[in-house]
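Colleague: Below are the C-alpha cells for one structure; questions will follow.
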Amino acid sequence: MARFIKKRSKKTGLPPGTLIHIGEKVSEKTRITLWEYDEKDFKERPLESLDLCFPFKNDPTVTWVNVEGVHQVEILEKLGTCFSLHPLVLEDILNTDQRPKMEEYGNDLYIVLKMLDYDDQKDEVVAEQVSLVLRGNIVFSFQEKGGTLFATLIERVRSGRGRIRKTGADYLTYAILDLVVDHYFLVLEKIGEKIEILEAKLLSDPKASTLQKIQQLKREMLFLRKWVWPLREVLSALERGELAQIQESTRIYLRDVYDHAIQVLDTIEIFREMLSGMVDIYLSSLNNRMNAVMKVLTIIATIFMPLTFLAGVYGMNFKYMPELGWRWGYPIVLLVMLLVGMTMLIIFRRKKWL
Amino acid sequence: MARFIKKRSKKTGLPPGTLIHIGEKVSEKTRITLWEYDEKDFKERPLESLDLCFPFKNDPTVTWVNVEGVHQVEILEKLGTCFSLHPLVLEDILNTDQRPKMEEYGNDLYIVLKMLDYDDQKDEVVAEQVSLVLRGNIVFSFQEKGGTLFATLIERVRSGRGRIRKTGADYLTYAILDLVVDHYFLVLEKIGEKIEILEAKLLSDPKASTLQKIQQLKREMLFLRKWVWPLREVLSALERGELAQIQESTRIYLRDVYDHAIQVLDTIEIFREMLSGMVDIYLSSLNNRMNAVMKVLTIIATIFMPLTFLAGVYGMNFKYMPELGWRWGYPIVLLVMLLVGMTMLIIFRRKKWL
Amino acid sequence: MARFIKKRSKKTGLPPGTLIHIGEKVSEKTRITLWEYDEKDFKERPLESLDLCFPFKNDPTVTWVNVEGVHQVEILEKLGTCFSLHPLVLEDILNTDQRPKMEEYGNDLYIVLKMLDYDDQKDEVVAEQVSLVLRGNIVFSFQEKGGTLFATLIERVRSGRGRIRKTGADYLTYAILDLVVDHYFLVLEKIGEKIEILEAKLLSDPKASTLQKIQQLKREMLFLRKWVWPLREVLSALERGELAQIQESTRIYLRDVYDHAIQVLDTIEIFREMLSGMVDIYLSSLNNRMNAVMKVLTIIATIFMPLTFLAGVYGMNFKYMPELGWRWGYPIVLLVMLLVGMTMLIIFRRKKWL
Amino acid sequence: MARFIKKRSKKTGLPPGTLIHIGEKVSEKTRITLWEYDEKDFKERPLESLDLCFPFKNDPTVTWVNVEGVHQVEILEKLGTCFSLHPLVLEDILNTDQRPKMEEYGNDLYIVLKMLDYDDQKDEVVAEQVSLVLRGNIVFSFQEKGGTLFATLIERVRSGRGRIRKTGADYLTYAILDLVVDHYFLVLEKIGEKIEILEAKLLSDPKASTLQKIQQLKREMLFLRKWVWPLREVLSALERGELAQIQESTRIYLRDVYDHAIQVLDTIEIFREMLSGMVDIYLSSLNNRMNAVMKVLTIIATIFMPLTFLAGVYGMNFKYMPELGWRWGYPIVLLVMLLVGMTMLIIFRRKKWL
Amino acid sequence: MARFIKKRSKKTGLPPGTLIHIGEKVSEKTRITLWEYDEKDFKERPLESLDLCFPFKNDPTVTWVNVEGVHQVEILEKLGTCFSLHPLVLEDILNTDQRPKMEEYGNDLYIVLKMLDYDDQKDEVVAEQVSLVLRGNIVFSFQEKGGTLFATLIERVRSGRGRIRKTGADYLTYAILDLVVDHYFLVLEKIGEKIEILEAKLLSDPKASTLQKIQQLKREMLFLRKWVWPLREVLSALERGELAQIQESTRIYLRDVYDHAIQVLDTIEIFREMLSGMVDIYLSSLNNRMNAVMKVLTIIATIFMPLTFLAGVYGMNFKYMPELGWRWGYPIVLLVMLLVGMTMLIIFRRKKWL
C-alpha cells in the first residue's frame, strides 16, 4: 500500500505554497534538459542550475524543458522564481500524491497525471507523477523519478518523424499525454496476462495464495481507476476546445487520446468484474474440495462401520452362541462381510460418489 | 480473452496516424468491391488496387465501396491518399480494437462499431470491426475479416426491395447499422439458449464446469455491453439530427435502430442478472449436496457406534459377567441391538433426514 | 424464458417496414371493433375487413378502433393503407417484443406498452403488448391477444360514468394508460402474496425448490422493471405537456398515472431487495442445518468412541490383567462407562449443543 | 408486509376521482377540528358535519382545519364540494398508499407525506398518511388515523411560543412538515437502539432468529427510504421558492427541514450498510461454530481411533501372540496408549486447536 | 455508535430557533478568544462574557473570534443577540449533529463541518463540529469541544508566515477549511495503518475478532464519507465564485482544498473496497481451515477404520478359524496392517492432502 498512498501528514497546518517534497526519497540529482525545435532545427542542451533563468523568447521555436526528479526543492524553487510559476503549481509538482487534474493559472496551463509502467523484475505496477506546464511556446515537464520514459518521444522529435516538428507546444503537450495513455495499455496487457495465469491456476490448483493474488490485482485496479478516471475529465476539458492554449488543429488529436482513456477505463471495469468472478470460482472450488474430502470419509465410514460391528458381534463371549460352533461359520461371516461391502460400493457408484 | 483484448503495445510511442494493423493476422488478400446505384440502375464491380482512385462524382447515384480485410496496410494507405481520408481515420480503421464511436472530420462522418456473429462450430461469439465513412453520396465500409455479413443487404439493394434504391447514402449507412444491430439480437438469442441449457444442467447435475461456463457467459456479456453501450451513444447522436450528413427523412429510421440498441442493452442486463442468480443457485446446491453427504455419514455413525459399543461390552473378558452365561443372553443382546437400530431410524425419519 | 424473450431473428436483414408478426402464434381471427361517442351518443359496431376504410370525420365525436390480435398481417396492412399509418408504426405493432416507447409520426402519436395480467391457473404473469395510435379525435388500439382487458373501460364509456364522455381522444388515451398501470398493481399484489408464502416456507421448511422459486420471482421482477421503467419515461414525456395531441386539462390526469408508475417501480425495487434478503436467509439456513447434522455426529462420536475404547481394553487377551479377575470389575467398568457418558452429555449441555 | 403494502386492486378500472378509501379499516368516527389564530387571537372549535361549509374569509387570520380519519368517504366528499377541492386531490387523500408528493391544483398546494411513529408496545414502526392542502390563509390537514401527533404543535400555537402566531399559513405548513421530519429522527433513534441490541446478540449468541430480525430491519429501512426519498424532492421544490403560496421569509425554514430530510436519508443509508455488514458477521459466525464442532469431532476421533485399534490388536485370538503372555504386557500397552493420547493432545495444542 | 449518532429527540416539536444543546455533555467552561490582525499588527485577547458585545469596526483589520465549547447556551445566546446572528444559525451551532453545509443569511456566510482527529489513546476517530460565520472582515468560529486544533494556524498568523496577514477574512476562512481537510489526511493515514495491520493478521492468524475489526473500520468509513461528501459540495460552491464574501484571489486556494476533499473521498472509496475484499479473504480462510480439519479427520478415519476392522475379524470367537492357529498368523496380520496403512498414506500424498 505504501506504494500507492503517500504520507501527506508532513504538510498539515503549513501555509499553502510551502514547498515540501512528498513522496519516495530519491538519491539521484535532479537533471534538467532543454530542447528547442522548429521545422528546420533541433537543439538539445542540459541545463545547470546556474543558467536556469535562460532568456525566454516567444518565437515560433518550441522550447521543451524536462525536469527529472522533483525532490531537490531548491532547484524547483529557483525555476519557479525565474519563470514566476504560481506557488500552488510548484507545491503540487513537489507533492507526488496528486489526483490528475488540469488548472489554468493566468496564461499557464497546468496538467498533472500519473505515468504508469510495469516493472518486470519486481513484477508490479510502477507509478510516477508527471506535471506539465504549457505557457505559449514553452512546455515544462516534471518527472517524479526520471528515466527513459520520454526517450521514444524525444527520438521522434529529433528525427522529425510525424507532424511534431511542424506544430506548436500544444501538440507537444498532446504527444506527452498520448505517450502516457499508451503506457496504460502496456500495463493493462501485463495485468491481462497475469489474470490469465491466475485463472489457469484457479482451475488446476486453487490455493489460498491464489485468492490473495486476485485481491491484490483487484486493488491495483482500484488505483488504476483512481488515476485514469480524473485524467478522462482532464482530456475531455482539453478536447472541448475552450482553452486558449490549445489550437483548433490539435483538438482532433486530443479527442483521440480521450477515446483511448475511455477504452482504458472500460478495460479496467472488465478486469474488475473478471476478478470478482474469479473470487466466486475460488470459493466454490473450496466448497467442492470439502465435498470431495467428506465423501471419502463417508465412504470409508459407511463401509467399515457395519463390518466392524459384525466382527464385534462374533467377538462377544456369550456361552451360548450357536454360530460360533458352526463348521462354516467363519467363511459365511466373511462372505456376508464381502457382500455388505460390495453393496455399499454399488450404492455409492449409483449416487455418483465414485 | 485473446479473442476480446488485442495487443496495442506495438503502437506505444509512435506518432499519431502511423498505420499499423492491430488485430488477428488474416492471410487472405484484401478484397474491394464497388456498387453504384440509383432508382433505376445498379452496377457492381470489383476494384483492383490499380484503379482505387476512381473518379468520384457527386451526383445523385449512391456509391458504396466495401473493403474486406484491413491487414494490407499499403492498400488502405493508397485509398486514403486517393480520397484524402484523415490519417487518424485510417489509423482507427487499421486498429481493430476500437471502441464504437462516431466522429466528424470535415465533411466526412466516421463511424466505427462491432459486427457480432455466432460461430456455431466453435460455439462462441465472433466479433468483427466495421468502419464506415460517409461523404456526400459515397459510403466506404471497412470489414475486419470480410465474409458474407453484408450479403442480404447487397441483395436487397440489387433487387430494389424497400426504400433503399430511392434514398441517399445516409439511408445506406442506416441500413448497415440496422443490419449490425439485428445481428446482436441473433447473438443474444443464441446466448439465451445456452443460458437455458445451463440452467437445466444446474438443477439436474451441477458440476464445477457448469460454474465455469456461467462465468464465461458473464464475461461475454461484459464484452457485449462494452461494445453496445457506446454504440447507443453513436446512434443517439445520429438520430438527434444535428449532423449535416444525415437527412431529416432518415432520422426516423435511425430512431428505430436506437430503440433496438437499447433493447439489446436491456437484454444484456437481464442476462447478467440471470447469470448472477445462477451462481447463487450453484453455490447453494453445493451446500445441499454437502448436507446430503454429511447426513449419510451421521446416520451410519449414529446407528453403528452404539451397536459396536454394545458388542464391545460383551466382548470383554471379565470373569464375573453373569450375562455371558445366560441361556438367552445372546438373542436378547441381538434384540436390543435391533431395537436400538430401529429407534435411531425412526428418529431420523422424524427429523426428515431419510 | 420463452415467455419473455421472443425470437426476432426472422427479421434480420429485412428492410425496415417489412411486416412480419413476431410473437406467439395465436389461432383466433383478428377482431376489430369501433366505438363512437360524444357527450350524448354512444355507438358500437364490429368492423369487417371489408369496411376497414370507414370514412374518417374529424368532428368532436371520439372514435375508438380496437384491434384484437395482430397476427393477421394482411388486415393490419389494409388498415395501415386506409389510414396511411407510417410503415415503422405498423412494423412495431406486429413486433410484439417492443420496449415501451412513445413516438411522434407527423400528427400521429404512437405509444406502445405492456399490459400485464396474472393468470391464476398457470400461476404466472401474462404479458400482452398494447399499441396506441392517437390521431386527432381517433384512437387506434392494438392488442396482441385480445380478451376482456378493456371491458371495464368500455363499460365506463357506455354508461357515461366519470368525465370520459365529456372529453376528447387524449383523455381516452389517458384512460387506457391508467387501466394498464392499475393492472400492474394487481400483478404486484399477487407477487407480494407469493413472496409472503415463500417466506413462510423459508422458515418452516427450506428446500432447494424454494430457492428456485425465489430466483424465478427475481427474474419476473427483472422483466417487470424492463417494461415499467421506459413506460415511466413515456408518461413523463406525455405529462410534460409539449405534445400538441394532449390537451392541457388532461395533463393533470397523466401526472396521476405517472405517479402510479413510479410507485410500481418503487414496489418492484423493494420486492427485489426482499428477494435478495431471502436468498441470504436460505443460504444461512442451509448452513444452520449442516451445523445441526454435524453436532449430532460429534455428540454420538464423542460419547461412544471413548466407551468403545474402554470396552476394547478389557477385551484384550493379556494373561496378566488383574482387573479381569476382580469380583466387581465388570460392574465397576459399567459404572465408569456411565460416568464418562454422563460427563460428555453435561459438557454438551454446557456448550448449548443440546 | 401487509403493514406497508396496501391493496389498491379495488380501484382497478374505476374512473379517476372515484372516492374509495384504501387502507386499514378504522372504526372510529372522523373528527374535524378548526383553529383560527392571528397574533392576538386563538380560537378552537370542533366541526360537525353539518357546518362543514363554514364561511371562508381570506383575511390575515390563519385557519387550520384538521381531519382525523379519512375512511368516512361521505364527509370527505362534502368537504370537497364545499371548498371545491379537485377530485384527484380527494382521491389521493382517501388512498392511503400514496407516494409523498407535492402538486399544484390552481391556487391549491397539495402535499402528501408519511408521518412515522414508533409503537413501543407492538415494537414496530407505525406509518400514517398525512395530506395537506394549503390555500391562501387556510390549511387543511388530513390524518389517516388521527391521534395526538399534532398535539405539541397545537399547544405551541395556543401558547404563542416561537414565531408561529406572527406568520401565515405557509409557516404553519412548514411547522407541520418540520414536526413530521422530527418524528423520523425519533424512529431512527429507536431503530438505532434495536440495531445495537442485535449487534450485541450477534456476538454473544447468534441464532437463526437474529438473522431474521436483521432482515426485518433491512426491510423497514427499505420502506423508510421509499417514504423519505420523495419527501426530499418535495421539500427541495418548496424551498426553491418558485411557488406563489410560499413566502420568501418561510423559505429559510424550509431549507432547514430539507437539510433534516437529507440527514434522515444519510442515516438510513448508514443503517442499511451496517445491517448488511451484520449479515456477513452472522454468516461467518455460523462458519466459525461449524469449525469448532468439527474440531471437537476430529480431536476425539484422532485420539480414540488409534487407541481402539491398539486394543483391538491385543483382542485378537491368535494362538501365537507372545506379548499376551508377557508379565508386563498389559501395563506396557496401557503406557503406550497413554503416550499416543498425550502426543495427539500436544499436536493439537501446537496447531492451536485446543 | 453513540459516538457518531446523537440524540435529537429532545428537539421534537419545538419551534425552530429554540436553543438546545445536542451533543456530549462537556463540563469545561466555554472559552472565547479574539484575535485582531492586519499586515503590521497582531493582537490576542480573551473575551469574558461581559464584553461579548465588543464594538465591531469594519476596517481592514481582520477580526477572528473563536468560541471553544458550545454547551453554555446562554453565552451563545448573548453573542447571537450582540451580533444579531440568525436564530437558525445559532440553533445549528448548538446542534452538534449537523450535516456539513454552507448557507447564506443576508451578508453572513454560515459554514458547518466536521473536524476529525485520531485519538491514539482510545484508538478511535474523534469528531468535532466546527461552525464558521464569515461577515465582512470578521470570522466567528465555534468549536464543539475546543482544544489545540487551531494552534498551528494561530501560530502562523502570529508569526506572519505565508500570505495570511496580507489577506482578508475570506482567506482566514480558507485557512481554517484547509486545516480541517489536512486533518482528514492524518486520520486516513492512521486508518491505512490499521488496515495494513489487520491484513497481516488476516493471513497469519484469522479470528472472529479480526472480522469484527474490519466491520468496525467499514463503519467508520461510512461516517467519514457521510461527513466529507457534503463538504465537497460546500467547497465546490465556495470555489465557483458566486459568493460576494469570497474574493477572486482566494478562489484559487479554495480550488486547492476542493481537490484535497475529492482525494479524501477517493481514498475513502478505496479503503471501503479494500475492506470488502478482506471480508472475502476472511471467509475463504475460514473455509480453508475447515478443509484442513476435515482432512485430518478423514486421514485418521481412513487409516484406522480398516485396521480396526481387521483386528476385529481376528478377535471373533469362531471355533474353526484356521488362521488363528497358524504359527506366523499374528506377524502376517501385523504386516498386512502395516501395508494397508502405508498404502493409505501414499494415496493421501498423491492427492496432495499431506
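Scheme for the C-alpha cells: letters A, B, ... for chains in order shown; per-chain residue numbers from 1; ligand numbers from 1 in order shown.
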Just need the residues of chain A within 6 Å of chain B, counting only C-alpha atoms, so spit them out as a list of chain:residue names.
Modeller: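 Therefore, the residues near the partner are A:Thr152, A:Gly162, A:Leu179, A:Asp182, A:Leu186, A:Asn291, A:Thr298, A:Phe309, A:Gly312, A:Val313, A:Gly315, A:Met316, A:Asn317, A:Phe318, A:Lys319.
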Colleague: Please produce a file of the residues just selected, as a CSV table (one decimal), in the first residue's frame, where the atoms kept are N, CA and C atoms.
Modeller:
chain,number,residue,atom,x,y,z
A,152,THR,N,11.4,7.6,-26.4
A,152,THR,CA,10.9,7.5,-27.8
A,152,THR,C,10.3,8.8,-28.4
A,162,GLY,N,6.6,12.2,-38.3
A,162,GLY,CA,5.3,12.7,-37.9
A,162,GLY,C,5.2,14.2,-38.1
A,179,LEU,N,1.6,9.6,-25.1
A,179,LEU,CA,2.6,8.6,-24.7
A,179,LEU,C,2.2,8.0,-23.3
A,182,ASP,N,-0.7,5.6,-23.8
A,182,ASP,CA,-0.3,4.4,-24.5
A,182,ASP,C,0.4,3.4,-23.5
A,186,LEU,N,0.0,-0.7,-22.2
A,186,LEU,CA,1.0,-1.7,-21.9
A,186,LEU,C,0.8,-2.4,-20.5
A,291,ASN,N,-16.3,-31.0,-0.2
A,291,ASN,CA,-17.3,-32.1,-0.6
A,291,ASN,C,-16.6,-33.4,-0.9
A,298,THR,N,-17.1,-40.4,4.3
A,298,THR,CA,-18.3,-41.1,4.4
A,298,THR,C,-18.3,-42.5,3.8
A,309,PHE,N,-18.8,-53.7,13.2
A,309,PHE,CA,-19.9,-54.1,14.1
A,309,PHE,C,-20.1,-55.6,14.0
A,312,GLY,N,-17.5,-57.4,15.7
A,312,GLY,CA,-17.7,-57.2,17.1
A,312,GLY,C,-18.7,-58.2,17.7
A,313,VAL,N,-19.8,-58.4,16.9
A,313,VAL,CA,-20.8,-59.4,17.4
A,313,VAL,C,-20.2,-60.7,17.6
A,315,GLY,N,-17.3,-61.4,18.3
A,315,GLY,CA,-16.2,-61.3,19.2
A,315,GLY,C,-16.8,-61.3,20.6
A,316,MET,N,-18.1,-61.4,20.8
A,316,MET,CA,-18.7,-61.4,22.1
A,316,MET,C,-18.5,-62.8,22.7
A,317,ASN,N,-18.5,-62.8,24.1
A,317,ASN,CA,-18.1,-64.0,24.8
A,317,ASN,C,-19.2,-64.8,25.4
A,318,PHE,N,-20.4,-64.6,24.8
A,318,PHE,CA,-21.6,-65.4,25.3
A,318,PHE,C,-21.3,-66.9,25.2
A,319,LYS,N,-21.8,-67.6,26.2
A,319,LYS,CA,-21.5,-69.1,26.2
A,319,LYS,C,-22.4,-69.7,25.1
Colleague: Hey, what's within 7 Å of Thr96 of chain C if we count only C-alpha atoms and toss same-chain stuff fewer than 4 positions away? As number ranges by chain, please?
Modeller: C: 22-23, 129, 144
Colleague: Take the residues that were just selected and, keeping C-alpha atoms, output them as a compact mmCIF listing (two decimals), in the first residue's frame.
Modeller:
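Result went into out24.txt, see below:
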# COMPACT_ATOMS: atom_id res chain seq x y z
CA ILE C 22 -43.11 -11.62 -34.12
CA GLY C 23 -44.64 -13.31 -31.13
CA GLN C 129 -48.31 -5.78 -25.98
CA GLU C 144 -51.56 -8.64 -29.03
Colleague: Go ahead and compute the interatomic distance for atom CA of Leu153 of chain D and atom CA of Leu172 of chain D, in Å to one decimal.
Modeller: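 Taking atom CA of Leu153 of chain D as the start and atom CA of Leu172 of chain D as the end point, the length is 9.3 Å.
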Colleague: Counting only C-alpha atoms, what is within 7 Å of Thr63 of chain E, bar same-chain residues fewer than 6 positions away, as a list in words?
Modeller: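 Using only C-alpha atoms, the neighbours found are Trp35, Glu36, Tyr37, Asn137, Ile138 and Val139 of chain E.
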Colleague: Selected residues, N, CA, C and O atoms, written as a PDB file, in the first residue's frame, please.
Modeller:
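This is the output file result_25.pdb:
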ATOM      1  N   TRP E  35      -8.842  37.490  18.168  1.00  0.00           N
ATOM      2  CA  TRP E  35      -7.597  37.949  17.573  1.00  0.00           C
ATOM      3  C   TRP E  35      -7.907  39.038  16.556  1.00  0.00           C
ATOM      4  O   TRP E  35      -8.883  38.932  15.807  1.00  0.00           O
ATOM      5  N   GLU E  36      -7.069  40.051  16.546  1.00  0.00           N
ATOM      6  CA  GLU E  36      -7.190  41.083  15.519  1.00  0.00           C
ATOM      7  C   GLU E  36      -5.844  41.208  14.832  1.00  0.00           C
ATOM      8  O   GLU E  36      -4.804  41.258  15.497  1.00  0.00           O
ATOM      9  N   TYR E  37      -5.850  41.221  13.508  1.00  0.00           N
ATOM     10  CA  TYR E  37      -4.560  41.343  12.824  1.00  0.00           C
ATOM     11  C   TYR E  37      -4.702  42.030  11.482  1.00  0.00           C
ATOM     12  O   TYR E  37      -5.754  41.987  10.846  1.00  0.00           O
ATOM     13  N   ASN E 137     -15.216  41.606   7.584  1.00  0.00           N
ATOM     14  CA  ASN E 137     -13.852  41.305   7.998  1.00  0.00           C
ATOM     15  C   ASN E 137     -13.760  40.517   9.285  1.00  0.00           C
ATOM     16  O   ASN E 137     -12.700  40.382   9.885  1.00  0.00           O
ATOM     17  N   ILE E 138     -14.887  39.988   9.722  1.00  0.00           N
ATOM     18  CA  ILE E 138     -14.897  39.232  10.972  1.00  0.00           C
ATOM     19  C   ILE E 138     -15.244  37.765  10.712  1.00  0.00           C
ATOM     20  O   ILE E 138     -16.075  37.457   9.861  1.00  0.00           O
ATOM     21  N   VAL E 139     -14.521  36.887  11.396  1.00  0.00           N
ATOM     22  CA  VAL E 139     -14.813  35.454  11.306  1.00  0.00           C
ATOM     23  C   VAL E 139     -15.106  34.944  12.717  1.00  0.00           C
ATOM     24  O   VAL E 139     -14.299  35.116  13.615  1.00  0.00           O
TER      25      VAL E 139
END
Colleague: To test your reading of the structure, identify every residue in segment 29-154 of chain C that backbone DSSP assigns to strand (DSSP E), and report it as a PyMOL selection string.
Modeller: chain C and resi 31-37+42-47+62-68+101-105+108-119+124-135+138-143
Colleague: How many Å separate atom CA of Ile347 of chain E from atom CA of Val336 of chain A?
Modeller: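 Here the two named atoms are 27.6 Å from each other.
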Colleague: Between atom CA of Asp41 of chain E and atom CA of Val65 of chain E, what is the distance, to one decimal in Å?
Modeller: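 Interatomic distance here is 16.3 Å.
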Colleague: Which parts of segment 45-236 of chain A does DSSP call alpha helix (DSSP H) when run on the backbone here, written out as a PyMOL selection string?
Modeller: chain A and resi 73-82+87-94+151-159+169-204+208-236
Colleague: Show me a table, sorted first by chain and then by increasing residue number, of the residues of segment 117-208 of chain C having an atom at most 9 Å from segment 263-268 of chain C, each with its shortest atom pair and the distance in Å to one decimal, counting only C-alpha atoms and written as a tab-separated table.
Modeller:
residue	atom	partner	partner_atom	distance
C:Val181	CA	C:Val264	CA	8.2
C:Tyr184	CA	C:Val264	CA	7.0
C:Phe185	CA	C:Val264	CA	6.8
C:Leu188	CA	C:Thr267	CA	7.8
Colleague: Those same residues - N, CA, C and O atoms - I'd like them written as a PDB file, in the first residue's frame.
Modeller:
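The file below, part_17.pdb, is the result:
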ATOM      1  N   VAL C 181     -51.737   0.656 -16.038  1.00  0.00           N
ATOM      2  CA  VAL C 181     -50.923   0.817 -14.829  1.00  0.00           C
ATOM      3  C   VAL C 181     -51.651   0.245 -13.611  1.00  0.00           C
ATOM      4  O   VAL C 181     -51.030  -0.340 -12.726  1.00  0.00           O
ATOM      5  N   TYR C 184     -50.877  -3.241 -13.261  1.00  0.00           N
ATOM      6  CA  TYR C 184     -49.561  -3.518 -12.664  1.00  0.00           C
ATOM      7  C   TYR C 184     -49.688  -3.704 -11.162  1.00  0.00           C
ATOM      8  O   TYR C 184     -49.054  -4.575 -10.567  1.00  0.00           O
ATOM      9  N   PHE C 185     -50.540  -2.892 -10.528  1.00  0.00           N
ATOM     10  CA  PHE C 185     -50.730  -3.036  -9.082  1.00  0.00           C
ATOM     11  C   PHE C 185     -51.327  -4.399  -8.749  1.00  0.00           C
ATOM     12  O   PHE C 185     -50.928  -5.043  -7.774  1.00  0.00           O
ATOM     13  N   LEU C 188     -48.595  -6.913  -8.968  1.00  0.00           N
ATOM     14  CA  LEU C 188     -47.676  -6.786  -7.830  1.00  0.00           C
ATOM     15  C   LEU C 188     -48.294  -7.331  -6.549  1.00  0.00           C
ATOM     16  O   LEU C 188     -47.609  -7.920  -5.718  1.00  0.00           O
TER      17      LEU C 188
END
Colleague: Could you give me, as an MDAnalysis selection string, the residues within 8 Å of segment 67-69 of chain C, counting only C-alpha atoms and dropping anything in the same chain fewer than 2 positions from it?
Modeller: chainID C and resid 26 28:33 65 71:72 140:147
Colleague: Taking 3 positions as the minimum chain separation for residues in the same chain, which residues sit within 12 Å of Tyr171 of chain E when counting only C-alpha atoms? Answer as an MDAnalysis selection string.
Modeller: (chainID A and resid 15:16) or (chainID E and resid 62 64 134 136:139 157 162:168 174:178 238 245:254)
